[in-house]
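K.L.:
Below is query.cif; it holds mmCIF, C-alpha atoms.
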```
data_coords
loop_
_atom_site.label_atom_id
_atom_site.label_comp_id
_atom_site.auth_asym_id
_atom_site.auth_seq_id
_atom_site.Cartn_x
_atom_site.Cartn_y
_atom_site.Cartn_z
CA MET A 1 102.02 119.78 42.86
CA THR A 2 104.47 122.33 44.11
CA VAL A 3 102.31 124.95 45.80
CA GLU A 4 102.91 125.80 49.43
CA GLY A 5 101.29 123.27 51.76
CA LEU A 6 101.85 120.37 49.37
CA ALA A 7 105.53 119.88 50.18
CA GLY A 8 106.68 116.36 49.39
CA TRP A 9 104.99 116.31 45.95
CA PRO A 10 105.67 114.71 43.65
CA PRO A 11 107.00 111.95 45.91
CA PRO A 12 110.52 111.03 44.68
CA VAL A 13 110.69 107.25 44.42
CA PHE A 14 114.48 106.93 44.44
CA ASP A 15 115.17 109.29 47.34
CA PRO A 16 114.57 107.22 50.50
CA ALA A 17 114.21 109.06 53.80
CA GLY A 18 114.08 106.07 56.12
CA PRO A 19 115.34 102.50 56.52
CA PHE A 20 112.24 100.78 55.14
CA ALA A 21 112.23 102.85 51.96
CA GLY A 22 115.99 102.35 51.76
CA SER A 23 115.61 98.58 51.43
CA ILE A 24 112.97 99.02 48.72
CA THR A 25 115.25 101.41 46.82
CA THR A 26 118.20 99.00 47.05
CA LEU A 27 116.01 96.22 45.67
CA ALA A 28 114.74 98.47 42.88
CA TRP A 29 118.26 99.43 41.79
CA VAL A 30 119.43 95.79 41.81
CA LEU A 31 116.41 94.71 39.73
CA THR A 32 117.00 97.60 37.35
CA GLY A 33 120.64 96.59 36.99
CA MET A 34 119.65 92.98 36.37
CA ALA A 35 117.16 94.08 33.72
CA VAL A 36 119.81 96.13 31.94
CA ALA A 37 122.26 93.20 32.09
CA VAL A 38 119.70 90.74 30.70
CA LEU A 39 118.78 93.18 27.93
CA ALA A 40 122.45 93.52 27.01
CA ILE A 41 122.87 89.73 26.89
CA VAL A 42 119.76 89.32 24.71
CA LEU A 43 120.91 92.05 22.31
CA LEU A 44 124.35 90.44 22.10
CA ALA A 45 122.73 87.06 21.39
CA ILE A 46 120.58 88.61 18.63
CA TRP A 47 123.63 90.29 17.07
CA THR A 48 125.57 87.02 17.22
CA ALA A 49 122.68 85.12 15.61
CA LEU A 50 122.51 87.66 12.78
CA LYS A 51 126.09 88.77 12.28
CA GLY A 52 128.33 86.39 14.23
CA ARG A 53 130.74 83.81 12.89
CA PRO A 54 129.17 80.50 11.85
CA ALA A 55 130.83 78.62 14.72
CA LEU A 56 129.37 81.03 17.31
CA ARG A 57 125.96 80.93 15.68
CA LYS A 58 126.00 77.16 15.80
CA ARG A 59 126.90 77.09 19.49
CA LEU A 60 124.25 79.70 20.25
CA GLY A 61 121.55 77.61 18.64
CA GLY A 62 122.52 74.37 20.29
CA GLU A 63 120.37 72.48 22.78
CA ARG A 64 122.92 72.94 25.56
CA MET A 65 122.72 76.73 25.34
CA ILE A 66 118.93 76.57 25.49
CA TRP A 67 119.05 74.56 28.73
CA ILE A 68 121.68 76.81 30.26
CA GLY A 69 120.41 80.22 29.11
CA GLY A 70 116.71 79.50 28.88
CA VAL A 71 116.12 77.27 31.91
CA ALA A 72 118.99 76.98 34.42
CA PHE A 73 120.08 80.63 34.45
CA PRO A 74 116.57 82.15 34.97
CA VAL A 75 115.62 79.59 37.61
CA VAL A 76 118.79 80.10 39.66
CA VAL A 77 118.93 83.89 39.34
CA LEU A 78 115.21 84.50 39.99
CA THR A 79 115.22 82.13 42.97
CA LEU A 80 118.20 83.88 44.53
CA LEU A 81 116.64 87.30 43.86
CA LEU A 82 113.37 86.20 45.46
CA ILE A 83 115.06 84.90 48.61
CA TRP A 84 117.31 87.97 48.90
CA GLY A 85 114.45 90.41 48.21
CA LEU A 86 112.18 88.83 50.81
CA SER A 87 114.92 88.88 53.44
CA LEU A 88 115.83 92.48 52.56
CA THR A 89 112.26 93.74 53.02
CA SER A 90 111.13 91.35 55.78
CA GLY A 91 111.09 94.06 58.45
CA ILE A 92 108.43 96.15 56.70
CA SER A 93 105.50 93.88 57.61
CA LYS A 94 106.59 92.34 60.91
CA PRO A 95 103.75 91.63 63.39
CA ILE A 96 102.94 94.42 65.81
CA ALA A 97 104.80 94.36 69.12
CA GLY A 98 103.47 95.77 72.37
CA THR A 99 105.98 98.63 72.37
CA ASP A 100 105.18 99.84 68.84
CA MET A 101 103.60 103.21 68.18
CA ARG A 102 100.42 102.32 66.31
CA ILE A 103 98.32 104.24 63.81
CA ARG A 104 95.30 102.79 62.01
CA VAL A 105 94.68 104.07 58.48
CA SER A 106 91.48 103.16 56.64
CA GLY A 107 91.11 103.82 52.93
CA GLU A 108 87.75 105.31 51.97
CA MET A 109 86.28 106.56 48.69
CA TRP A 110 88.40 108.76 48.21
CA TRP A 111 90.14 109.89 51.38
CA TRP A 112 91.99 108.48 54.40
CA ARG A 113 90.62 107.94 57.91
CA VAL A 114 93.44 108.10 60.49
CA SER A 115 93.26 106.88 64.11
CA TYR A 116 96.08 107.04 66.66
CA LEU A 117 96.02 104.04 69.00
CA ASP A 118 97.34 103.27 72.46
CA GLY A 119 99.26 100.11 73.36
CA GLN A 120 96.02 98.12 73.64
CA GLY A 121 94.76 99.21 70.25
CA ARG A 122 92.22 101.74 71.57
CA GLU A 123 91.63 104.94 69.64
CA ILE A 124 92.99 108.02 71.39
CA LEU A 125 92.89 110.53 68.54
CA ARG A 126 91.11 110.79 65.19
CA ASP A 127 92.25 112.67 62.09
CA ALA A 128 92.06 112.45 58.29
CA ASN A 129 94.29 112.71 55.22
CA GLU A 130 97.36 113.56 57.28
CA ILE A 131 99.61 111.36 59.44
CA HIS A 132 101.94 112.75 62.10
CA ILE A 133 104.89 110.72 63.36
CA PRO A 134 108.05 111.32 65.42
CA ALA A 135 111.24 111.32 63.35
CA GLY A 136 113.70 108.54 64.09
CA GLN A 137 111.06 106.17 65.46
CA THR A 138 109.47 103.17 63.79
CA VAL A 139 105.68 103.42 63.49
CA ALA A 140 103.42 100.43 62.85
CA LEU A 141 100.52 101.21 60.53
CA GLU A 142 97.40 99.04 60.61
CA LEU A 143 95.99 99.29 57.09
CA THR A 144 92.42 98.43 56.19
CA SER A 145 89.63 99.57 53.88
CA ALA A 146 86.00 100.52 54.38
CA ASP A 147 84.85 99.84 50.81
CA VAL A 148 87.11 98.71 47.94
CA ILE A 149 90.78 97.76 47.64
CA HIS A 150 93.12 100.72 48.10
CA SER A 151 96.91 100.73 48.41
CA PHE A 152 98.98 102.80 50.84
CA TRP A 153 102.24 104.21 49.50
CA VAL A 154 104.68 106.81 50.84
CA PRO A 155 107.64 106.29 48.46
CA ARG A 156 110.25 107.99 50.65
CA LEU A 157 109.27 106.10 53.84
CA SER A 158 108.33 102.54 52.89
CA GLY A 159 106.95 100.21 50.24
CA LYS A 160 103.34 99.98 49.12
CA LEU A 161 100.77 97.66 50.68
CA ASP A 162 97.17 96.88 49.74
CA MET A 163 94.29 97.87 52.01
CA ILE A 164 91.66 95.13 51.75
CA PRO A 165 88.10 95.26 53.17
CA GLY A 166 87.72 92.94 56.15
CA ARG A 167 91.46 92.47 56.62
CA THR A 168 94.18 94.37 58.48
CA ASN A 169 97.66 94.49 56.96
CA VAL A 170 100.65 95.86 58.87
CA MET A 171 103.31 98.15 57.45
CA ARG A 172 106.18 99.91 59.18
CA ILE A 173 107.41 103.38 58.29
CA GLN A 174 110.18 105.54 59.68
CA ALA A 175 111.46 109.00 58.79
CA ASP A 176 115.11 109.61 59.56
CA LYS A 177 114.57 113.37 59.83
CA PRO A 178 111.68 115.81 60.23
CA GLY A 179 109.87 116.75 57.04
CA VAL A 180 106.72 116.41 54.97
CA TYR A 181 106.43 113.29 52.81
CA GLY A 182 103.84 112.86 50.08
CA GLY A 183 101.77 109.69 49.75
CA GLN A 184 99.24 108.33 47.28
CA CYS A 185 96.74 105.53 46.79
CA ALA A 186 98.57 103.11 44.48
CA GLU A 187 95.68 100.77 43.59
CA TYR A 188 92.98 101.94 41.19
CA CYS A 189 89.85 102.28 43.30
CA GLY A 190 87.45 103.93 40.86
CA GLY A 191 86.31 107.51 40.44
CA PRO A 192 88.87 110.14 41.50
CA HIS A 193 91.52 107.57 42.44
CA ALA A 194 94.30 109.76 41.06
CA LEU A 195 93.21 112.54 43.47
CA MET A 196 93.47 110.38 46.61
CA GLY A 197 96.65 111.68 48.21
CA PHE A 198 97.87 112.43 51.72
CA VAL A 199 100.93 113.69 53.58
CA VAL A 200 103.02 112.23 56.39
CA VAL A 201 104.47 114.89 58.68
CA ALA A 202 107.55 113.84 60.69
CA HIS A 203 108.30 115.98 63.76
CA THR A 204 111.19 116.03 66.15
CA PRO A 205 110.24 113.89 69.19
CA GLU A 206 109.73 117.05 71.27
CA ASP A 207 107.51 118.70 68.64
CA PHE A 208 105.55 115.49 68.19
CA GLY A 209 104.85 115.36 71.94
CA ARG A 210 103.59 118.94 71.81
CA TRP A 211 101.47 118.15 68.76
CA MET A 212 99.84 115.19 70.49
CA ALA A 213 99.20 117.24 73.62
CA SER A 214 97.55 119.98 71.56
CA ARG A 215 95.11 117.43 70.14
CA GLN A 216 93.96 116.15 73.52
CA ALA A 217 91.72 119.19 74.11
CA PRO A 218 88.78 120.22 71.90
CA PRO A 219 89.50 122.98 69.39
CA PRO A 220 88.76 126.55 70.53
CA ALA A 221 85.27 127.98 70.28
CA PRO A 222 84.60 130.42 67.41
CA ALA A 223 86.24 133.75 68.28
CA THR A 224 84.43 136.16 65.93
CA ASN A 225 80.84 136.85 64.93
CA GLU A 226 81.51 135.56 61.43
CA ALA A 227 83.02 132.35 62.78
CA ARG A 228 80.06 131.86 65.11
CA ARG A 229 77.68 132.37 62.18
CA GLY A 230 79.74 129.85 60.23
CA ALA A 231 79.41 127.32 63.07
CA ALA A 232 75.62 127.77 63.03
CA LEU A 233 75.54 127.35 59.25
CA PHE A 234 77.75 124.26 59.54
CA ALA A 235 75.06 122.69 61.73
CA SER A 236 72.01 123.91 59.83
CA ALA A 237 73.32 123.07 56.35
CA GLY A 238 73.73 119.40 57.28
CA CYS A 239 77.54 119.31 57.45
CA ALA A 240 77.39 117.78 60.94
CA ALA A 241 75.56 114.74 59.57
CA CYS A 242 78.72 113.61 57.79
CA HIS A 243 81.54 115.29 59.75
CA ALA A 244 82.60 115.34 63.39
CA VAL A 245 84.03 118.26 65.34
CA ALA A 246 85.31 117.50 68.83
CA GLY A 247 83.53 119.37 71.62
CA THR A 248 80.39 120.01 69.53
CA SER A 249 77.24 118.11 68.64
CA ALA A 250 78.70 117.31 65.20
CA ASN A 251 79.46 113.57 65.26
CA GLY A 252 79.06 112.36 61.68
CA LEU A 253 81.25 109.47 60.56
CA ALA A 254 80.62 109.36 56.81
CA GLY A 255 83.23 112.01 56.01
CA PRO A 256 86.58 113.16 57.40
CA ASP A 257 86.82 114.35 61.00
CA LEU A 258 87.14 118.16 60.95
CA SER A 259 88.12 118.77 64.56
CA TYR A 260 91.48 120.28 63.56
CA VAL A 261 90.95 120.86 59.85
CA GLY A 262 92.30 124.40 60.10
CA ALA A 263 95.74 123.05 61.03
CA ARG A 264 96.04 120.61 58.13
CA ARG A 265 98.38 121.27 55.26
CA THR A 266 95.98 120.16 52.54
CA LEU A 267 92.30 119.84 51.66
CA GLY A 268 90.44 117.29 49.55
CA ALA A 269 92.78 114.41 50.47
CA GLY A 270 96.09 116.00 49.56
CA ILE A 271 95.08 117.86 46.38
CA LEU A 272 94.60 121.49 47.54
CA PRO A 273 96.56 123.84 49.79
CA ASN A 274 94.68 124.62 52.99
CA ASN A 275 93.70 128.28 52.71
CA ARG A 276 90.44 130.19 52.81
CA GLY A 277 89.98 130.41 49.07
CA ALA A 278 90.48 126.68 48.58
CA MET A 279 88.16 125.96 51.51
CA ILE A 280 85.38 128.13 50.05
CA GLY A 281 85.76 126.48 46.65
CA TRP A 282 85.72 123.00 48.15
CA ILE A 283 82.60 123.62 50.25
CA GLY A 284 80.77 125.37 47.42
CA ASN A 285 81.38 122.79 44.71
CA SER A 286 83.83 120.01 45.50
CA GLN A 287 82.45 118.07 42.53
CA ALA A 288 84.03 120.58 40.17
CA ILE A 289 87.41 120.00 41.86
CA LYS A 290 87.27 116.27 42.53
CA PRO A 291 84.47 114.76 40.40
CA ALA A 292 82.52 111.83 41.88
CA ASN A 293 83.74 112.35 45.44
CA ARG A 294 81.03 111.73 48.04
CA MET A 295 80.57 115.31 49.23
CA PRO A 296 77.60 117.03 47.57
CA ALA A 297 77.95 120.49 46.04
CA TYR A 298 76.53 123.37 48.10
CA THR A 299 75.89 125.72 45.20
CA MET A 300 72.68 126.87 46.87
CA LEU A 301 74.63 128.71 49.59
CA PRO A 302 75.46 132.36 48.88
CA ALA A 303 79.08 133.46 48.87
CA GLU A 304 78.86 135.15 52.27
CA ASP A 305 77.61 131.91 53.86
CA LEU A 306 80.40 129.86 52.25
CA LYS A 307 82.93 132.35 53.56
CA ALA A 308 81.47 132.21 57.09
CA ILE A 309 81.71 128.40 57.15
CA ALA A 310 85.28 128.58 55.84
CA VAL A 311 86.19 131.11 58.56
CA TYR A 312 84.76 128.77 61.20
CA LEU A 313 86.63 125.75 59.85
CA GLU A 314 89.97 127.52 59.48
CA GLY A 315 89.75 128.39 63.18
CA LEU A 316 89.61 124.70 64.13
CA LYS A 317 93.27 124.23 64.98
#
```
Could I get this file's structure written as structure tokens?

P.N.:
Amino acid sequence: MTVEGLAGWPPPVFDPAGPFAGSITTLAWVLTGMAVAVLAIVLLAIWTALKGRPALRKRLGGERMIWIGGVAFPVVVLTLLLIWGLSLTSGISKPIAGTDMRIRVSGEMWWWRVSYLDGQGREILRDANEIHIPAGQTVALELTSADVIHSFWVPRLSGKLDMIPGRTNVMRIQADKPGVYGGQCAEYCGGPHALMGFVVVAHTPEDFGRWMASRQAPPPAPATNEARRGAALFASAGCAACHAVAGTSANGLAGPDLSYVGARRTLGAGILPNNRGAMIGWIGNSQAIKPANRMPAYTMLPAEDLKAIAVYLEGLK
């Protein structure tokens, strides 16, 4: 995905943009190097067994070499790698401290529910499919699932961690500089699993403060006649039963919160750029775009109604 709005895709695995991803990348390179070294040793042993001098072949097939190469070497090397790898990545899942910035992310079929929390764990802001963080600051993510096992992964910012129903796992991420970083569900969760993406947007601390402040007030009321008609259609067509819009009677919880959907970079959980055409297509028949997702198709609505709803939603920013 390289279209505008989907910056950060595809997520480059070996290009870390923060300290937690850096440790994962270091571990990956060391393991890759070890794999290459072991492969070279095995190929050399095979060549020696087939083409080597008789004395070397005899030593290679002896019981001593089996104990050294087949038992002692793997046990020692793998044990040291395990201890080193755990110590290298130990900071990623440290328990939450009282001073941490906290964001709760819940995996759903097949999108992401995002809640920004205060120091006591109370929700202060709700969003979906997009996570905003200040650059240069560690953020503690509380990861859970509402249905099946998902896995949270932003390759450039941290490792991957499972999201398990009934359990909260903690992961830390940090972006060294502002930017947009692509993420993906990394555990097969059925249906359109491959189309369950998201983005993490890292702001400068000043821009992040302004972003948070802008989300404390309800989005503006519809400014045009078409937008007002779209708001009425949004309510009458049943959209409000599944979606919430701050400052309105729409308070559904089954689908993503749409209070600021017009300001998001993507639609459909990271798979479409956020523009009017994509919005109309998604509302009209999301099943044709992301089969088996839980939003029904609204093929019964005429084109002018779909456009009016899209105009209303793109104004929610």

K.L.:
List the residues selected by the PyMOL selection byres ((chain A and resi 138) around 12) in the file shown, writing them as a PDB file with C-alpha atoms, keeping the file's coordinate frame.

P.N.:
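The new file selection.pdb reads:
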```
ATOM      1  CA  GLY A  18     114.080 106.070  56.120  1.00  0.00           C
ATOM      2  CA  PRO A  19     115.340 102.500  56.520  1.00  0.00           C
ATOM      3  CA  PHE A  20     112.240 100.780  55.140  1.00  0.00           C
ATOM      4  CA  GLY A  91     111.090  94.060  58.450  1.00  0.00           C
ATOM      5  CA  ILE A  92     108.430  96.150  56.700  1.00  0.00           C
ATOM      6  CA  SER A  93     105.500  93.880  57.610  1.00  0.00           C
ATOM      7  CA  LYS A  94     106.590  92.340  60.910  1.00  0.00           C
ATOM      8  CA  ILE A  96     102.940  94.420  65.810  1.00  0.00           C
ATOM      9  CA  ALA A  97     104.800  94.360  69.120  1.00  0.00           C
ATOM     10  CA  THR A  99     105.980  98.630  72.370  1.00  0.00           C
ATOM     11  CA  ASP A 100     105.180  99.840  68.840  1.00  0.00           C
ATOM     12  CA  MET A 101     103.600 103.210  68.180  1.00  0.00           C
ATOM     13  CA  ARG A 102     100.420 102.320  66.310  1.00  0.00           C
ATOM     14  CA  ILE A 103      98.320 104.240  63.810  1.00  0.00           C
ATOM     15  CA  ILE A 133     104.890 110.720  63.360  1.00  0.00           C
ATOM     16  CA  PRO A 134     108.050 111.320  65.420  1.00  0.00           C
ATOM     17  CA  ALA A 135     111.240 111.320  63.350  1.00  0.00           C
ATOM     18  CA  GLY A 136     113.700 108.540  64.090  1.00  0.00           C
ATOM     19  CA  GLN A 137     111.060 106.170  65.460  1.00  0.00           C
ATOM     20  CA  VAL A 139     105.680 103.420  63.490  1.00  0.00           C
ATOM     21  CA  ALA A 140     103.420 100.430  62.850  1.00  0.00           C
ATOM     22  CA  LEU A 141     100.520 101.210  60.530  1.00  0.00           C
ATOM     23  CA  LEU A 157     109.270 106.100  53.840  1.00  0.00           C
ATOM     24  CA  SER A 158     108.330 102.540  52.890  1.00  0.00           C
ATOM     25  CA  MET A 171     103.310  98.150  57.450  1.00  0.00           C
ATOM     26  CA  ARG A 172     106.180  99.910  59.180  1.00  0.00           C
ATOM     27  CA  ILE A 173     107.410 103.380  58.290  1.00  0.00           C
ATOM     28  CA  GLN A 174     110.180 105.540  59.680  1.00  0.00           C
ATOM     29  CA  ALA A 175     111.460 109.000  58.790  1.00  0.00           C
ATOM     30  CA  ASP A 176     115.110 109.610  59.560  1.00  0.00           C
ATOM     31  CA  ALA A 202     107.550 113.840  60.690  1.00  0.00           C
TER      32      ALA A 202
END
```

K.L.:
Which residues come within 12 Å of Arg167 of chain A, counting only C-alpha atoms, excluding same-chain residues fewer than 3 positions away, as a list in words?

P.N.:
Ser106, Gly107, Glu142, Leu143, Thr144, Ser145, Ala146, Asp147, Val148, Ile149, His150, Asp162, Met163, Ile164 and Val170 of chain A

K.L.:
Identify all residues satisfying the PyMOL selection byres ((chain A and resi 287) around 12) in the given file; provide them as an mmCIF file with C-alpha atoms, in the coordinates of the input.

P.N.:
```cif
data_model
loop_
_atom_site.group_PDB
_atom_site.id
_atom_site.type_symbol
_atom_site.label_atom_id
_atom_site.label_comp_id
_atom_site.auth_asym_id
_atom_site.auth_seq_id
_atom_site.Cartn_x
_atom_site.Cartn_y
_atom_site.Cartn_z
ATOM 1 C CA GLY A 191 86.310 107.510 40.440
ATOM 2 C CA PRO A 192 88.870 110.140 41.500
ATOM 3 C CA GLY A 268 90.440 117.290 49.550
ATOM 4 C CA GLY A 281 85.760 126.480 46.650
ATOM 5 C CA TRP A 282 85.720 123.000 48.150
ATOM 6 C CA ILE A 283 82.600 123.620 50.250
ATOM 7 C CA GLY A 284 80.770 125.370 47.420
ATOM 8 C CA ASN A 285 81.380 122.790 44.710
ATOM 9 C CA SER A 286 83.830 120.010 45.500
ATOM 10 C CA ALA A 288 84.030 120.580 40.170
ATOM 11 C CA ILE A 289 87.410 120.000 41.860
ATOM 12 C CA LYS A 290 87.270 116.270 42.530
ATOM 13 C CA PRO A 291 84.470 114.760 40.400
ATOM 14 C CA ALA A 292 82.520 111.830 41.880
ATOM 15 C CA ASN A 293 83.740 112.350 45.440
ATOM 16 C CA ARG A 294 81.030 111.730 48.040
ATOM 17 C CA MET A 295 80.570 115.310 49.230
ATOM 18 C CA PRO A 296 77.600 117.030 47.570
ATOM 19 C CA ALA A 297 77.950 120.490 46.040
ATOM 20 C CA TYR A 298 76.530 123.370 48.100
ATOM 21 C CA THR A 299 75.890 125.720 45.200
#
```

K.L.:
Name all residues at most 9 Å from Ser249 of chain A (count all atoms listed in the file; drop same-chain ones fewer than 3 positions away) and give them as an mmCIF file with C-alpha atoms, in the coordinates of the input.

P.N.:
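Everything below was put into out.cif:
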```cif
data_model
loop_
_atom_site.group_PDB
_atom_site.id
_atom_site.type_symbol
_atom_site.label_atom_id
_atom_site.label_comp_id
_atom_site.auth_asym_id
_atom_site.auth_seq_id
_atom_site.Cartn_x
_atom_site.Cartn_y
_atom_site.Cartn_z
ATOM 1 C CA ALA A 235 75.060 122.690 61.730
ATOM 2 C CA ALA A 240 77.390 117.780 60.940
ATOM 3 C CA ALA A 244 82.600 115.340 63.390
ATOM 4 C CA VAL A 245 84.030 118.260 65.340
ATOM 5 C CA ALA A 246 85.310 117.500 68.830
#
```

K.L.:
In Å, rounded to a single decimal, give me how far atom CA of Arg156 of chain A is from atom CA of Ile24 of chain A.

P.N.:
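That distance, rounded to one decimal, is 9.6 Å.
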
K.L.:
To one decimal place in Å, what is the distance between atom CA of Ala217 of chain A and atom CA of Arg276 of chain A?

P.N.:
24.0 Å

K.L.:
For atom CA of Gly166 of chain A and atom CA of Trp153 of chain A, quote the distance in Å rounded to one decimal.

P.N.:
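If I compute the distance from atom CA of Gly166 of chain A to atom CA of Trp153 of chain A, I get 19.5 Å.
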
K.L.:
Padding of 4 Å on every side, edges along x, y and z, all listed atoms of segment 236-250 of chain A included: what centre and edge lengths in Å, to one decimal, does that box have, as lines of an AutoDock Vina configuration file?

P.N.:
```
center_x = 78.7
center_y = 118.8
center_z = 64.0
size_x = 21.3
size_y = 18.3
size_z = 23.3
```

K.L.:
Considering all atoms listed in the file, state which residue in the set A:Gly69, A:Pro155, A:Gly33, A:Arg210 is at the smallest distance from Ala186 of chain A.

P.N.:
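That would be A:Pro155, the residue with the smallest distance to Ala186 of chain A.
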
K.L.:
Counting only C-alpha atoms, what is within 7 Å of segment 310-313 of chain A, bar same-chain residues fewer than 6 positions away, as a count of residues only?

P.N.:
10

K.L.:
Would you pick out the contacts of Gln184 of chain A at 9 Å or less, using all atoms listed in the file, so that residues sharing its chain but fewer than 4 positions from it are not included, and give the list as a PyMOL selection string?

P.N.:
chain A and resi 11+151-155+194-199+270

K.L.:
Give as a PyMOL selection string every residue, naming chains and numbers as the document does, that has an atom within 12 Å of (113.2, 90.8, 50.7), counting only C-alpha atoms.

P.N.:
chain A and resi 20+22-28+30+79-93+159

K.L.:
Identify which of the residues A:Thr168, A:Leu267, A:Gly182, A:Ile309 lies closest to Val13 of chain A, counting all atoms listed in the file when measuring atom-to-atom distances.

P.N.:
A:Gly182

K.L.:
May I have the residues within 7 Å of segment 114-119 of chain A as a PyMOL selection string, using all atoms listed in the file and disregarding those fewer than 3 positions away in the same chain?

P.N.:
chain A and resi 98-99+102-106+122-128
